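Asker: Structure supplied as target11.pdb; contents: PDB, C-alpha atoms.
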```pdb
ATOM      1  CA  MET A  30     -29.545  34.423 -21.485
ATOM      2  CA  ILE A  31     -26.806  34.386 -24.158
ATOM      3  CA  VAL A  32     -24.226  34.903 -21.384
ATOM      4  CA  ILE A  33     -25.483  31.794 -19.555
ATOM      5  CA  GLU A  34     -25.285  29.816 -22.809
ATOM      6  CA  TYR A  35     -21.653  30.776 -23.453
ATOM      7  CA  LEU A  36     -20.810  30.035 -19.795
ATOM      8  CA  ALA A  37     -22.379  26.579 -20.223
ATOM      9  CA  TYR A  38     -20.319  25.856 -23.358
ATOM     10  CA  PHE A  39     -17.164  26.977 -21.522
ATOM     11  CA  LEU A  40     -17.966  24.712 -18.531
ATOM     12  CA  ILE A  41     -18.602  21.704 -20.803
ATOM     13  CA  THR A  42     -15.281  22.209 -22.625
ATOM     14  CA  VAL A  43     -13.341  22.564 -19.355
ATOM     15  CA  GLY A  44     -15.039  19.455 -17.957
ATOM     16  CA  ALA A  45     -14.167  17.316 -20.965
ATOM     17  CA  LEU A  46     -10.540  18.479 -20.897
ATOM     18  CA  PHE A  47     -10.204  17.716 -17.187
ATOM     19  CA  LEU A  48     -11.769  14.250 -17.623
ATOM     20  CA  PHE A  49      -9.172  13.585 -20.346
ATOM     21  CA  LEU A  50      -6.332  14.820 -18.101
ATOM     22  CA  GLY A  51      -7.527  12.562 -15.272
ATOM     23  CA  ALA A  52      -7.515   9.535 -17.542
ATOM     24  CA  LEU A  53      -4.033  10.495 -18.798
ATOM     25  CA  GLY A  54      -2.828  10.693 -15.187
ATOM     26  CA  ILE A  55      -4.237   7.239 -14.447
ATOM     27  CA  PHE A  56      -2.550   5.902 -17.577
ATOM     28  CA  ARG A  57       0.905   7.439 -17.008
ATOM     29  CA  MET A  58       1.567   7.647 -13.238
ATOM     30  CA  PRO A  59       3.996   5.148 -11.670
ATOM     31  CA  ASP A  60       2.175   3.764  -8.619
ATOM     32  CA  LEU A  61      -1.251   3.540  -6.984
ATOM     33  CA  TYR A  62      -1.138   6.610  -4.731
ATOM     34  CA  THR A  63      -0.077   8.988  -7.495
ATOM     35  CA  ARG A  64      -2.733   7.450  -9.734
ATOM     36  CA  ILE A  65      -5.402   8.130  -7.114
ATOM     37  CA  GLN A  66      -4.098  11.680  -6.618
ATOM     38  CA  ALA A  67      -4.050  12.469 -10.328
ATOM     39  CA  GLY A  68      -7.182  10.640 -11.352
ATOM     40  CA  THR A  69      -9.633  11.509  -8.612
ATOM     41  CA  LYS A  70      -9.071  15.267  -8.388
ATOM     42  CA  ALA A  71      -9.188  15.770 -12.140
ATOM     43  CA  SER A  72     -12.204  13.521 -12.683
ATOM     44  CA  THR A  73     -14.093  15.178  -9.798
ATOM     45  CA  LEU A  74     -13.623  18.663 -11.247
ATOM     46  CA  GLY A  75     -14.286  17.429 -14.780
ATOM     47  CA  ALA A  76     -17.530  15.610 -13.992
ATOM     48  CA  MET A  77     -18.812  18.452 -11.763
ATOM     49  CA  SER A  78     -18.103  21.150 -14.335
ATOM     50  CA  LEU A  79     -19.484  19.169 -17.296
ATOM     51  CA  ILE A  80     -22.717  18.203 -15.523
ATOM     52  CA  LEU A  81     -23.244  21.775 -14.291
ATOM     53  CA  GLY A  82     -22.670  23.055 -17.830
ATOM     54  CA  VAL A  83     -25.272  20.673 -19.259
ATOM     55  CA  GLY A  84     -27.701  21.761 -16.523
ATOM     56  CA  LEU A  85     -27.248  25.434 -17.412
ATOM     57  CA  LEU A  86     -27.657  24.644 -21.116
ATOM     58  CA  GLY A  87     -30.872  22.700 -20.411
ATOM     59  CA  PHE A  88     -32.100  25.585 -18.236
ATOM     60  CA  VAL A  89     -31.693  27.974 -21.174
ATOM     61  CA  THR A  90     -32.806  25.684 -24.010
ATOM     62  CA  PHE A  91     -36.011  23.944 -22.859
ATOM     63  CA  THR A  92     -39.177  25.764 -21.855
ATOM     64  CA  PRO A  93     -39.660  24.279 -18.342
ATOM     65  CA  GLY A  94     -35.918  24.540 -17.750
ATOM     66  CA  TYR A  95     -35.686  24.480 -13.953
ATOM     67  CA  PRO A  96     -35.865  20.619 -13.499
ATOM     68  CA  TRP A  97     -32.634  20.268 -15.490
ATOM     69  CA  LEU A  98     -30.827  22.725 -13.225
ATOM     70  CA  ILE A  99     -32.151  21.198  -9.983
ATOM     71  CA  LYS A 100     -31.428  17.540 -10.860
ATOM     72  CA  THR A 101     -27.983  18.276 -12.219
ATOM     73  CA  LEU A 102     -27.219  20.248  -9.035
ATOM     74  CA  VAL A 103     -28.170  17.139  -7.018
ATOM     75  CA  ILE A 104     -25.718  15.050  -9.075
ATOM     76  CA  VAL A 105     -22.977  17.706  -8.697
ATOM     77  CA  ILE A 106     -23.362  17.797  -4.904
ATOM     78  CA  PHE A 107     -23.311  13.998  -4.721
ATOM     79  CA  VAL A 108     -20.148  13.794  -6.870
ATOM     80  CA  ALA A 109     -18.458  16.453  -4.711
ATOM     81  CA  ILE A 110     -19.166  14.394  -1.566
ATOM     82  CA  ALA A 111     -18.717  10.835  -2.856
ATOM     83  CA  ASN A 112     -15.627  10.909  -5.073
ATOM     84  CA  PRO A 113     -13.058  12.199  -2.499
ATOM     85  CA  LEU A 114     -14.596   9.931   0.153
ATOM     86  CA  SER A 115     -14.275   6.777  -1.949
ATOM     87  CA  SER A 116     -10.723   7.585  -3.048
ATOM     88  CA  HIS A 117      -9.695   8.218   0.578
ATOM     89  CA  ALA A 118     -11.164   4.860   1.640
ATOM     90  CA  LEU A 119      -9.413   3.153  -1.264
ATOM     91  CA  ALA A 120      -5.997   4.663  -0.417
ATOM     92  CA  ARG A 121      -6.425   3.642   3.234
ATOM     93  CA  GLY A 122      -7.392   0.113   2.223
ATOM     94  CA  ALA A 123      -4.400  -0.184  -0.103
ATOM     95  CA  TYR A 124      -2.078   1.019   2.699
ATOM     96  CA  LYS A 125      -3.482  -1.573   5.106
ATOM     97  CA  ASP A 126      -3.002  -4.139   2.322
ATOM     98  CA  LYS A 127       0.788  -3.453   2.614
ATOM     99  CA  LEU A 128       1.127  -1.667  -0.740
ATOM    100  CA  THR A 129       4.357   0.371  -0.611
ATOM    101  CA  PRO A 130       4.580   3.783  -2.301
ATOM    102  CA  PHE A 131       6.992   4.314  -5.209
ATOM    103  CA  SER A 132       9.878   6.482  -3.893
ATOM    104  CA  LYS A 133      13.676   6.550  -3.700
ATOM    105  CA  GLU A 134      13.820   7.347   0.007
ATOM    106  CA  HIS A 135      11.538   5.654   2.490
ATOM    107  CA  ILE A 136       9.108   8.347   3.637
ATOM    108  CA  ASP A 137       6.015   7.141   5.510
ATOM    109  CA  ALA A 138       4.276   9.851   7.525
ATOM    110  CA  TYR A 139       1.345   7.591   8.453
ATOM    111  CA  GLU A 140       3.640   5.012  10.095
ATOM    112  CA  GLU A 141       5.556   7.751  11.979
ATOM    113  CA  ALA A 142       2.312   9.205  13.327
ATOM    114  CA  ASP A 143       1.250   5.731  14.487
ATOM    115  CA  ASN A 144       4.602   5.206  16.250
ATOM    116  CA  ASN A 145       4.403   8.602  17.983
ATOM    117  CA  LYS A 146       0.919   7.798  19.255
ATOM    118  CA  GLU A 147       2.093   4.453  20.668
ATOM    119  CA  GLN A 148       5.061   6.104  22.402
ATOM    120  CA  LYS A 149       2.798   8.685  24.027
ATOM    121  CA  GLU A 150       0.458   5.956  25.243
ATOM    122  CA  ASP A 151       3.446   4.028  26.664
ATOM    123  CA  ALA A 152       4.650   7.152  28.492
ATOM    124  CA  LYS A 153       1.269   7.497  30.165
TER     125      LYS A 153
ATOM    126  CA  MET B   9     -26.343  17.015 -33.049
ATOM    127  CA  THR B  10     -23.889  19.824 -33.603
ATOM    128  CA  TYR B  11     -20.142  19.441 -34.115
ATOM    129  CA  PHE B  12     -19.484  20.740 -30.578
ATOM    130  CA  PHE B  13     -21.119  17.737 -28.904
ATOM    131  CA  ILE B  14     -19.453  15.298 -31.325
ATOM    132  CA  ILE B  15     -16.015  16.695 -30.360
ATOM    133  CA  ILE B  16     -16.798  16.631 -26.618
ATOM    134  CA  ILE B  17     -18.069  13.032 -26.758
ATOM    135  CA  SER B  18     -14.975  11.996 -28.748
ATOM    136  CA  ILE B  19     -12.646  13.495 -26.108
ATOM    137  CA  ILE B  20     -14.460  11.644 -23.303
ATOM    138  CA  ALA B  21     -14.422   8.379 -25.289
ATOM    139  CA  LEU B  22     -10.651   8.720 -25.822
ATOM    140  CA  ALA B  23     -10.209   9.281 -22.066
ATOM    141  CA  ALA B  24     -12.303   6.181 -21.353
ATOM    142  CA  ILE B  25     -10.055   4.139 -23.655
ATOM    143  CA  LEU B  26      -6.950   5.358 -21.749
ATOM    144  CA  ALA B  27      -8.502   4.446 -18.400
ATOM    145  CA  PHE B  28      -9.585   1.071 -19.789
ATOM    146  CA  VAL B  29      -5.977   0.268 -20.738
ATOM    147  CA  ARG B  30      -5.033   0.855 -17.090
ATOM    148  CA  PHE B  31      -8.006  -1.288 -16.021
ATOM    149  CA  VAL B  32      -6.708  -4.223 -18.085
ATOM    150  CA  LYS B  33      -3.004  -3.701 -17.300
ATOM    151  CA  GLY B  34      -3.059  -2.562 -13.641
ATOM    152  CA  PRO B  35      -0.753  -4.628 -11.415
ATOM    153  CA  THR B  36      -2.913  -4.678  -8.262
ATOM    154  CA  ALA B  37      -6.629  -4.800  -7.571
ATOM    155  CA  ALA B  38      -6.698  -1.214  -6.263
ATOM    156  CA  ASP B  39      -5.354   0.130  -9.585
ATOM    157  CA  ARG B  40      -8.211  -1.561 -11.391
ATOM    158  CA  VAL B  41     -10.735  -0.113  -8.928
ATOM    159  CA  VAL B  42      -9.391   3.425  -9.463
ATOM    160  CA  ALA B  43      -9.608   3.013 -13.239
ATOM    161  CA  LEU B  44     -13.144   1.608 -13.019
ATOM    162  CA  ASP B  45     -14.228   4.486 -10.770
ATOM    163  CA  THR B  46     -12.940   7.010 -13.314
ATOM    164  CA  ILE B  47     -14.660   5.149 -16.169
ATOM    165  CA  SER B  48     -17.942   5.175 -14.247
ATOM    166  CA  PHE B  49     -17.703   8.963 -13.739
ATOM    167  CA  MET B  50     -17.072   9.363 -17.468
ATOM    168  CA  ALA B  51     -20.173   7.244 -18.115
ATOM    169  CA  ILE B  52     -22.189   9.545 -15.819
ATOM    170  CA  ALA B  53     -20.986  12.626 -17.705
ATOM    171  CA  LEU B  54     -21.741  10.985 -21.061
ATOM    172  CA  MET B  55     -25.241   9.994 -19.916
ATOM    173  CA  VAL B  56     -26.051  13.563 -18.845
ATOM    174  CA  LEU B  57     -24.680  14.888 -22.145
ATOM    175  CA  LEU B  58     -26.691  12.358 -24.185
ATOM    176  CA  GLY B  59     -29.787  13.197 -22.169
ATOM    177  CA  PHE B  60     -29.424  16.789 -23.327
ATOM    178  CA  VAL B  61     -28.626  15.918 -26.960
ATOM    179  CA  LEU B  62     -31.461  13.387 -27.365
ATOM    180  CA  GLU B  63     -33.848  15.521 -25.218
ATOM    181  CA  ARG B  64     -34.614  12.654 -22.823
ATOM    182  CA  PHE B  65     -34.923  13.867 -19.213
ATOM    183  CA  ILE B  66     -34.962  10.311 -17.774
ATOM    184  CA  TYR B  67     -31.200   9.874 -18.509
ATOM    185  CA  ILE B  68     -30.408  12.309 -15.660
ATOM    186  CA  ASP B  69     -32.131  10.025 -13.134
ATOM    187  CA  VAL B  70     -30.293   6.990 -14.532
ATOM    188  CA  SER B  71     -26.935   8.746 -14.120
ATOM    189  CA  LEU B  72     -27.744   9.682 -10.496
ATOM    190  CA  ILE B  73     -28.507   6.029  -9.645
ATOM    191  CA  TYR B  74     -25.336   4.928 -11.461
ATOM    192  CA  ALA B  75     -23.275   7.374  -9.359
ATOM    193  CA  VAL B  76     -24.737   5.994  -6.098
ATOM    194  CA  LEU B  77     -24.096   2.367  -7.129
ATOM    195  CA  GLY B  78     -20.490   3.104  -8.175
ATOM    196  CA  PHE B  79     -19.812   4.825  -4.835
ATOM    197  CA  VAL B  80     -21.149   1.840  -2.871
ATOM    198  CA  GLY B  81     -19.051  -0.585  -4.950
ATOM    199  CA  VAL B  82     -15.790   1.305  -4.411
ATOM    200  CA  ILE B  83     -16.426   1.600  -0.650
ATOM    201  CA  THR B  84     -17.122  -2.153  -0.449
ATOM    202  CA  ILE B  85     -13.904  -3.104  -2.260
ATOM    203  CA  ALA B  86     -11.888  -0.661  -0.119
ATOM    204  CA  ARG B  87     -13.268  -2.253   3.057
ATOM    205  CA  TYR B  88     -12.381  -5.678   1.659
ATOM    206  CA  LEU B  89      -8.774  -4.598   0.984
ATOM    207  CA  GLU B  90      -8.529  -3.126   4.490
ATOM    208  CA  GLY B  91      -9.617  -6.423   6.020
ATOM    209  CA  GLY B  92     -12.929  -5.243   7.459
ATOM    210  CA  ILE B  93     -15.202  -7.755   5.742
TER     211      ILE B  93
END
```
Written as structure tokens, that's how I'd like the structure from this file.

Answerer:
Amino acid sequence: MIVIEYLAYFLITVGALFLFLGALGIFRMPDLYTRIQAGTKASTLGAMSLILGVGLLGFVTFTPGYPWLIKTLVIVIFVAIANPLSSHALARGAYKDKLTPFSKEHIDAYEEADNNKEQKEDAK
Amino acid sequence: MTYFFIIIISIIALAAILAFVRFVKGPTAADRVVALDTISFMAIALMVLLGFVLERFIYIDVSLIYAVLGFVGVITIARYLEGGI
């Protein structure tokens, strides 16, 4: 039991640090795509780890402890599915909104893939 | 409330202030949406933490509903930027 408690404290500390790093990435990065890349990954790991840590701590502390673990696991699974999905949709929407990435050379793999597909369809 | 939870909540509040600066300053609409999404995940984490500290189990349910509503909002704004709506 004491091992689970120390594991929970460790998970909560890691989660808070990663949430802070995600916010720092959103504050400091130069354009939208790097902000999404820095903010979403760090905040996903931070929220998942912190909520799981609180669930383990509630499982140890309270007498009927299993509802804490089950409900926090539901939130963790939902965060793991929803946060990458929403950030992907947002990056795609910003690209279709003609938002150019911040770079010295013009590198656009999405546009090249689109052009290759059109050329193959023309060849057919 | 022990000192551990006070320090953890202070770190998350500082992170929320940083993300809020980006929310006010962000040049485009998508920057603001990213910042708001991060702030909403911090609010979920804080609600779960406060539910443990204050020994209220109902806060967990509130944070689950808040996560679902934030997800739907971000998807809607992304579809609007893409030109789907």

Asker: Go through chain A residue by residue and, counting all atoms listed in the file, keep those with an atom at most 7 Å from chain B; for each kept residue give the shortest atom pair and its distance in Å to one decimal, ordered by chain and increasing number, as CSV.

Answerer:
```
residue,atom,partner,partner_atom,distance
A:Ala45,CA,B:Ile20,CA,6.1
A:Leu48,CA,B:Ile20,CA,6.8
A:Phe49,CA,B:Ala23,CA,4.7
A:Ala52,CA,B:Ala27,CA,5.3
A:Leu53,CA,B:Leu26,CA,6.6
A:Ile55,CA,B:Ala27,CA,6.5
A:Phe56,CA,B:Arg30,CA,5.6
A:Leu61,CA,B:Asp39,CA,5.9
A:Ile65,CA,B:Val42,CA,6.6
A:Ser72,CA,B:Thr46,CA,6.6
A:Ala76,CA,B:Ala53,CA,5.9
A:Leu79,CA,B:Ala53,CA,6.7
A:Ile80,CA,B:Ala53,CA,6.2
A:Val83,CA,B:Leu57,CA,6.5
A:Gly87,CA,B:Phe60,CA,6.7
A:Ile104,CA,B:Leu72,CA,5.9
A:Ala111,CA,B:Phe79,CA,6.4
A:Ser115,CA,B:Ile83,CA,5.8
A:Ala118,CA,B:Ala86,CA,5.8
A:Leu119,CA,B:Ala86,CA,4.7
A:Gly122,CA,B:Glu90,CA,4.1
A:Ala123,CA,B:Leu89,CA,6.3
A:Lys125,CA,B:Glu90,CA,5.3
A:Asp126,CA,B:Leu89,CA,5.9
```

Asker: One decimal, Å: what's the distance from atom CA of Ile110 of chain A over to atom CA of Phe88 of chain A, could you say?

Answerer: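 So the answer is 23.9 Å.
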
Asker: Can you measure atom CA of Gly54 of chain A to atom CA of Ser116 of chain A for me? One decimal in Å is fine.

Answerer: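 Taking atom CA of Gly54 of chain A and atom CA of Ser116 of chain A, their separation equals 14.8 Å.
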
Asker: Could you work out an axis-aligned bounding box for all listed atoms of segment 19-30 of chain B, with 4 Å added on each of the six sides, and give its centre and edge lengths in Å to one decimal, as AutoDock Vina command-line options?

Answerer:
```
--center_x -9.7 --center_y 6.9 --center_z -21.6 --size_x 17.4 --size_y 21.2 --size_z 17.0
```

Asker: What gap, in Å, lies between atom CA of Pro93 of chain A and atom CA of Thr42 of chain A?

Answerer: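 It comes out at 24.8 Å.
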
Asker: Of the residues A:Asn112, A:Thr73, A:Thr101, A:Thr90, which is the one nearest to Leu50 of chain A, using all atoms listed in the file?

Answerer: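 Closest to Leu50 of chain A, using all atoms listed in the file: A:Thr73.
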